[in-house]
file data33.tsv (TSV, C-alpha atoms and all ligand atoms)
chain	number	residue	atom	x	y	z
P	253	MET	CA	-8.74	26.54	16.74
P	254	THR	CA	-11.20	25.80	19.54
P	255	ASP	CA	-14.39	27.77	19.93
P	256	PRO	CA	-17.84	26.65	21.18
P	257	VAL	CA	-19.57	27.62	17.92
P	258	LEU	CA	-16.99	25.89	15.72
P	259	ASP	CA	-17.15	22.89	18.02
P	260	ALA	CA	-20.97	22.72	17.74
P	261	ILE	CA	-20.75	23.01	13.93
P	262	ARG	CA	-18.31	20.10	13.80
P	263	ARG	CA	-20.31	17.92	16.20
P	264	ARG	CA	-23.74	18.40	14.58
P	265	ARG	CA	-25.05	15.35	12.69
P	266	VAL	CA	-28.49	14.61	11.33
P	267	THR	CA	-30.60	12.64	13.84
P	268	ARG	CA	-32.54	9.94	12.00
P	269	ALA	CA	-33.73	7.97	15.06
P	270	MET	CA	-35.67	9.86	17.73
P	271	THR	CA	-37.28	8.73	20.99
P	272	ASP	CA	-40.96	9.31	21.87
P	273	GLU	CA	-40.00	11.84	24.56
P	274	PRO	CA	-41.98	15.00	23.92
P	275	VAL	CA	-40.34	18.21	22.80
P	276	SER	CA	-41.52	21.22	24.78
P	277	ARG	CA	-43.14	24.23	23.23
P	278	GLU	CA	-40.43	26.33	24.92
P	279	GLN	CA	-37.66	24.39	23.13
P	280	VAL	CA	-39.38	24.94	19.77
P	281	GLU	CA	-39.86	28.64	20.54
P	282	THR	CA	-36.17	29.04	21.40
P	283	ILE	CA	-35.28	27.43	18.05
P	284	LEU	CA	-37.74	29.65	16.14
P	285	ASP	CA	-36.32	32.72	17.85
P	286	ALA	CA	-32.81	31.69	16.75
P	287	ALA	CA	-34.07	31.20	13.17
P	288	ARG	CA	-35.36	34.75	13.16
P	289	TRP	CA	-31.70	35.92	13.37
P	290	ALA	CA	-30.57	34.00	10.29
P	291	PRO	CA	-29.45	36.33	7.48
P	292	THR	CA	-32.01	36.93	4.72
P	293	ALA	CA	-31.75	38.44	1.23
P	294	GLY	CA	-32.34	42.19	1.51
P	295	ASN	CA	-33.26	41.61	5.19
P	296	ARG	CA	-36.77	40.84	3.89
P	297	HIS	CA	-37.57	37.76	6.01
P	298	LEU	CA	-39.67	35.99	3.39
P	299	GLN	CA	-39.62	32.66	5.22
P	300	ARG	CA	-42.60	31.61	7.27
P	301	TYR	CA	-42.49	28.83	9.85
P	302	VAL	CA	-45.21	26.34	10.65
P	303	ALA	CA	-44.46	24.45	13.86
P	304	THR	CA	-46.20	21.51	15.48
P	305	THR	CA	-45.76	19.19	18.45
P	306	HIS	CA	-49.08	17.38	17.81
P	307	SER	CA	-49.09	13.73	16.81
P	308	GLY	CA	-51.93	14.05	14.23
P	309	PRO	CA	-50.26	16.58	11.92
P	310	LEU	CA	-46.88	14.90	12.45
P	311	ARG	CA	-48.33	11.56	11.30
P	312	VAL	CA	-49.75	13.20	8.18
P	313	LEU	CA	-46.44	14.94	7.46
P	314	ARG	CA	-44.70	11.60	7.68
P	315	MET	CA	-47.21	9.96	5.33
P	316	VAL	CA	-46.50	12.49	2.57
P	317	SER	CA	-42.72	12.71	3.13
P	318	PRO	CA	-40.74	9.75	1.79
P	319	GLY	CA	-37.53	11.43	2.99
P	320	MET	CA	-38.70	11.65	6.62
P	321	ILE	CA	-36.91	8.79	8.33
P	322	PRO	CA	-37.43	9.72	12.01
P	323	ARG	CA	-40.80	9.66	13.79
P	324	PRO	CA	-40.37	13.13	15.20
P	325	PRO	CA	-42.27	14.49	18.22
P	326	ALA	CA	-42.02	17.99	16.71
P	327	ALA	CA	-41.38	19.59	13.34
P	328	ILE	CA	-40.93	22.99	11.77
P	329	VAL	CA	-41.95	23.46	8.15
P	330	ILE	CA	-40.01	26.30	6.53
P	331	CYS	CA	-42.04	28.03	3.82
P	332	VAL	CA	-41.37	30.85	1.38
P	333	ASP	CA	-44.13	33.44	1.23
P	334	ARG	CA	-44.28	33.77	-2.55
P	335	GLY	CA	-46.85	36.60	-2.44
P	336	LEU	CA	-44.61	38.72	-0.23
P	337	SER	CA	-41.56	37.82	-2.26
P	338	GLU	CA	-43.33	39.07	-5.40
P	339	GLN	CA	-44.39	42.26	-3.62
P	340	TYR	CA	-40.74	42.93	-2.78
P	341	GLY	CA	-39.84	42.52	-6.44
P	342	PHE	CA	-38.16	39.09	-6.33
P	343	ARG	CA	-38.62	37.33	-9.67
P	344	PRO	CA	-40.13	33.83	-9.28
P	345	GLU	CA	-36.76	32.26	-10.21
P	346	ALA	CA	-34.70	34.59	-7.95
P	347	PRO	CA	-32.57	32.44	-5.64
P	348	GLY	CA	-32.60	34.76	-2.58
P	349	PRO	CA	-35.77	33.48	-0.87
P	350	TRP	CA	-34.68	29.86	-1.30
P	351	ILE	CA	-31.17	30.58	-0.06
P	352	ASP	CA	-32.87	32.15	2.97
P	353	VAL	CA	-34.45	28.77	3.69
P	354	GLY	CA	-30.90	27.36	3.75
P	355	THR	CA	-29.60	29.94	6.20
P	356	ALA	CA	-32.66	29.36	8.41
P	357	THR	CA	-32.17	25.59	8.22
P	358	ALA	CA	-28.51	25.76	9.26
P	359	THR	CA	-29.46	28.05	12.15
P	360	ILE	CA	-32.31	25.76	13.24
P	361	LEU	CA	-30.08	22.66	13.18
P	362	LEU	CA	-27.53	24.33	15.45
P	363	ALA	CA	-30.17	25.88	17.72
P	364	ALA	CA	-31.77	22.44	18.14
P	365	GLN	CA	-28.40	21.07	19.22
P	366	ALA	CA	-28.02	23.99	21.66
P	367	VAL	CA	-31.32	23.11	23.40
P	368	GLY	CA	-30.35	19.44	23.60
P	369	LEU	CA	-32.37	18.13	20.66
P	370	GLY	CA	-31.51	16.29	17.48
P	371	ALA	CA	-32.74	17.55	14.13
P	372	ALA	CA	-33.20	16.19	10.62
P	373	PRO	CA	-33.84	18.31	7.52
P	374	VAL	CA	-36.20	16.78	4.95
P	375	SER	CA	-36.71	18.02	1.40
P	376	SER	CA	-38.25	14.87	-0.02
P	377	PHE	CA	-42.00	15.43	0.47
P	378	SER	CA	-45.11	16.34	-1.50
P	379	HIS	CA	-45.33	20.13	-1.34
P	380	ALA	CA	-49.00	20.11	-2.36
P	381	ALA	CA	-49.92	17.50	0.27
P	382	VAL	CA	-48.06	19.35	3.03
P	383	ALA	CA	-49.70	22.65	2.07
P	384	GLU	CA	-53.10	20.95	2.10
P	385	ALA	CA	-52.58	18.97	5.31
P	386	LEU	CA	-51.37	22.00	7.28
P	387	GLY	CA	-53.89	24.40	5.73
P	388	LEU	CA	-51.11	26.78	4.66
P	389	PRO	CA	-52.19	30.28	3.64
P	390	ASP	CA	-52.27	30.99	-0.11
P	391	GLY	CA	-48.81	31.55	-1.53
P	392	TRP	CA	-46.88	29.86	1.29
P	393	ASP	CA	-44.64	27.31	-0.42
P	394	PRO	CA	-43.30	24.64	1.98
P	395	VAL	CA	-39.63	24.14	1.06
P	396	LEU	CA	-38.06	22.17	3.88
P	397	ILE	CA	-39.22	20.28	6.98
P	398	VAL	CA	-36.97	20.09	10.02
P	399	CYS	CA	-37.79	17.15	12.31
P	400	LEU	CA	-36.99	17.75	15.97
P	401	GLY	CA	-36.65	15.22	18.78
P	402	HIS	CA	-34.47	13.59	21.38
P	403	PRO	CA	-31.81	11.42	19.73
P	404	ALA	CA	-32.24	7.66	20.22
P	405	PRO	CA	-29.13	5.90	21.56
P	406	GLU	CA	-28.68	3.95	18.30
P	407	GLN	CA	-28.56	5.90	15.03
P	408	PRO	CA	-28.80	4.46	11.50
P	409	ARG	CA	-25.64	4.59	9.45
P	410	PRO	CA	-25.10	7.97	7.76
P	411	ILE	CA	-26.20	8.32	4.10
P	412	SER	CA	-23.12	8.02	1.83
P	413	PRO	CA	-20.45	8.78	4.41
P	414	ASN	CA	-18.14	11.52	3.13
P	415	ARG	CA	-14.97	9.39	3.38
P	416	GLY	CA	-12.71	12.04	4.86
P	417	LEU	CA	-13.72	14.95	2.64
P	418	THR	CA	-11.92	18.07	3.89
P	419	TRP	CA	-12.42	21.76	3.18
P	420	ARG	CA	-9.37	21.56	0.88
P	421	ASP	CA	-11.25	19.13	-1.40
P	422	LEU	CA	-14.03	21.73	-1.74
P	423	THR	CA	-11.97	24.88	-2.14
P	424	GLN	CA	-9.96	26.61	-4.82
P	425	TRP	CA	-7.83	29.65	-3.98
P	426	VAL	CA	-7.67	32.57	-6.39
P	427	PRO	CA	-4.02	33.13	-7.32
P	428	ALA	CA	-2.50	36.60	-6.84
P	429	HIS	CA	-2.66	38.75	-9.98
P	430	GLU	CA	0.64	39.78	-11.56
P	431	SER	CA	0.75	43.59	-11.71
P	501	LIG	C1	-31.47	20.69	1.52
P	501	LIG	C2	-31.35	19.39	2.25
P	501	LIG	C3	-32.29	18.41	2.06
P	501	LIG	C4	-32.22	17.20	2.76
P	501	LIG	N1	-33.21	16.28	2.60
P	501	LIG	C5	-33.16	15.13	3.31
P	501	LIG	C6	-34.22	14.17	3.22
P	501	LIG	O1	-35.22	14.37	2.50
P	501	LIG	N2	-34.11	13.04	3.96
P	501	LIG	C7	-33.01	12.80	4.78
P	501	LIG	O2	-32.97	11.75	5.43
P	501	LIG	N3	-31.99	13.70	4.89
P	501	LIG	C8	-32.04	14.84	4.18
P	501	LIG	N4	-31.04	15.77	4.30
P	501	LIG	C9	-29.91	15.50	5.23
P	501	LIG	C10	-28.63	15.11	4.47
P	501	LIG	O3	-28.78	13.82	3.91
P	501	LIG	C11	-27.46	15.15	5.48
P	501	LIG	O4	-27.26	16.49	5.88
P	501	LIG	C12	-26.20	14.60	4.87
P	501	LIG	O5	-26.33	13.21	4.64
P	501	LIG	C13	-24.99	14.81	5.77
P	501	LIG	O6	-25.23	14.30	7.05
P	501	LIG	P1	-24.87	15.20	8.34
P	501	LIG	O7	-25.70	16.45	8.24
P	501	LIG	O8	-25.20	14.34	9.52
P	501	LIG	O9	-23.40	15.50	8.26
P	501	LIG	C14	-31.12	16.97	3.64
P	501	LIG	C15	-30.17	17.98	3.82
P	501	LIG	C16	-30.29	19.16	3.15
P	501	LIG	C17	-29.24	20.25	3.40

call {"tool": "encode", "arguments": {"input": "data33.tsv", "output": "structure tokens"}}
result
Amino acid sequence: MTDPVLDAIRRRRVTRAMTDEPVSREQVETILDAARWAPTAGNRHLQRYVATTHSGPLRVLRMVSPGMIPRPPAAIVICVDRGLSEQYGFRPEAPGPWIDVGTATATILLAAQAVGLGAAPVSSFSHAAVAEALGLPDGWDPVLIVCLGHPAPEQPRPISPNRGLTWRDLTQWVPAHES
């Protein structure tokens, strides 16, 4: 089946080499607006986004993020507002707010592609150092950083290529019940 959304999903790959070309504020705003439409548990919108296109904070983010391979000209840090999540009655171990970060991430990666940018999600970073460096409000827990930038012509080899994994390898059908 051909469809522009399915096609974009299949084409998207993490961009681990980015050029120095700046990313415009407008591009980042378009991406943040798309993220706002990602589904959230109970429609509560407990994620908070911290965006930057400034070299100083980006350098600091990179210093405290071993998993950040690109040198991105922009980044969005996706946080969970733990205070708000508690107010709405989510237990600290409830998965909903963290799953919301996943739905937002997937939406951001595709939105970045739609505005002509590459994107790279990063979970390997010091949460305390990121919170400190960005001056995050109390209770905002940074969960994932999405690097944004223009893809360089040469990309590093993918991490552990999936060797032809298909949806069939990941799926089990429930058999019909005998009645
Ligand atoms: C939750 C999550 C965390 C990730 N953290 C990192 C990271 O810290 N560093 C990194 O280079 N890639 C990271 N990735 C990107 C994955 O390595 C990448 O999606 C995977 O290798 C498949 O590549 P593809 O998205 O290009 O198909 C992360 C992806 C997800 C979903």

call {"tool": "axis_aligned_box", "arguments": {"input": "data33.tsv", "around": "ligand LIG 501 (chain P)", "padding_each_side": "6 Å", "output": "JSON"}}
result
{"center_x": -29.3, "center_y": 16.2, "center_z": 5.5, "size_x": 23.8, "size_y": 20.9, "size_z": 20.0}

call {"tool": "closest_residue", "arguments": {"input": "data33.tsv", "among": "P:Asp393, P:Glu406, P:Asp352, P:Glu430", "to": "Ala290 in chain P", "atoms": "all atoms listed in the file"}}
result
P:Asp352

call {"tool": "residues_near_ligand", "arguments": {"input": "data33.tsv", "ligand": "ligand LIG 501 (chain P)", "cutoff": "6 Å", "atoms": "only C-alpha atoms and all ligand atoms", "output": "VMD selection string"}}
result
chain P and resid 265 to 266 319 to 321 373 to 376 411

call {"tool": "closest_residue", "arguments": {"input": "data33.tsv", "among": "P:Leu298, P:Val367, P:Met315, P:Ala303", "to": "Val353 in chain P", "atoms": "all atoms listed in the file"}}
result
P:Leu298

call {"tool": "closest_residue", "arguments": {"input": "data33.tsv", "among": "P:Thr304, P:Arg296, P:Thr271, P:Ala366", "to": "Phe342 in chain P", "atoms": "all atoms listed in the file"}}
result
P:Arg296

call {"tool": "residues_near_point", "arguments": {"input": "data33.tsv", "point": "(-41.8, 30.5, 1.9)", "cutoff": "9 Å", "atoms": "all atoms listed in the file", "output": "PyMOL selection string"}}
result
chain P and resi 298-301+330-334+336-337+349-350+353+391-395

call {"tool": "residues_around", "arguments": {"input": "data33.tsv", "residues": "Gln365 in chain P", "least_positions_apart": "4", "cutoff": "12 Å", "atoms": "only C-alpha atoms", "output": "list in words"}}
result
Val257, Asp259, Ala260, Ile261, Arg262, Arg263, Arg264, Arg265, Val266, Thr267, Gln279, Val280, Thr282, Ile283, Ala286, Ala358, Thr359, Ile360, Leu361, Leu369, Gly370, Ala371, Ala372, Leu400, Gly401, His402 and Pro403 of chain P

call {"tool": "closest_residue", "arguments": {"input": "data33.tsv", "among": "P:Phe377, P:Pro256, P:Ile351, P:Arg343", "to": "His297 in chain P", "atoms": "all atoms listed in the file"}}
result
P:Ile351

call {"tool": "closest_residue", "arguments": {"input": "data33.tsv", "among": "P:Thr254, P:Thr357, P:Gln339, P:Ser276", "to": "Pro325 in chain P", "atoms": "all atoms listed in the file"}}
result
P:Ser276

call {"tool": "atom_distance", "arguments": {"input": "data33.tsv", "atom1": "CA of Thr305 in chain P", "atom2": "CA of Leu386 in chain P"}}
result
12.8 Å

call {"tool": "atom_distance", "arguments": {"input": "data33.tsv", "atom1": "CA of Arg277 in chain P", "atom2": "CA of Gly308 in chain P"}}
result
16.2 Å

call {"tool": "atom_distance", "arguments": {"input": "data33.tsv", "atom1": "CA of Ala356 in chain P", "atom2": "CA of Arg288 in chain P"}}
result
7.7 Å

call {"tool": "closest_residue", "arguments": {"input": "data33.tsv", "among": "P:Val312, P:Gly335, P:Ala269, P:Val275", "to": "Pro389 in chain P", "atoms": "all atoms listed in the file"}}
result
P:Gly335
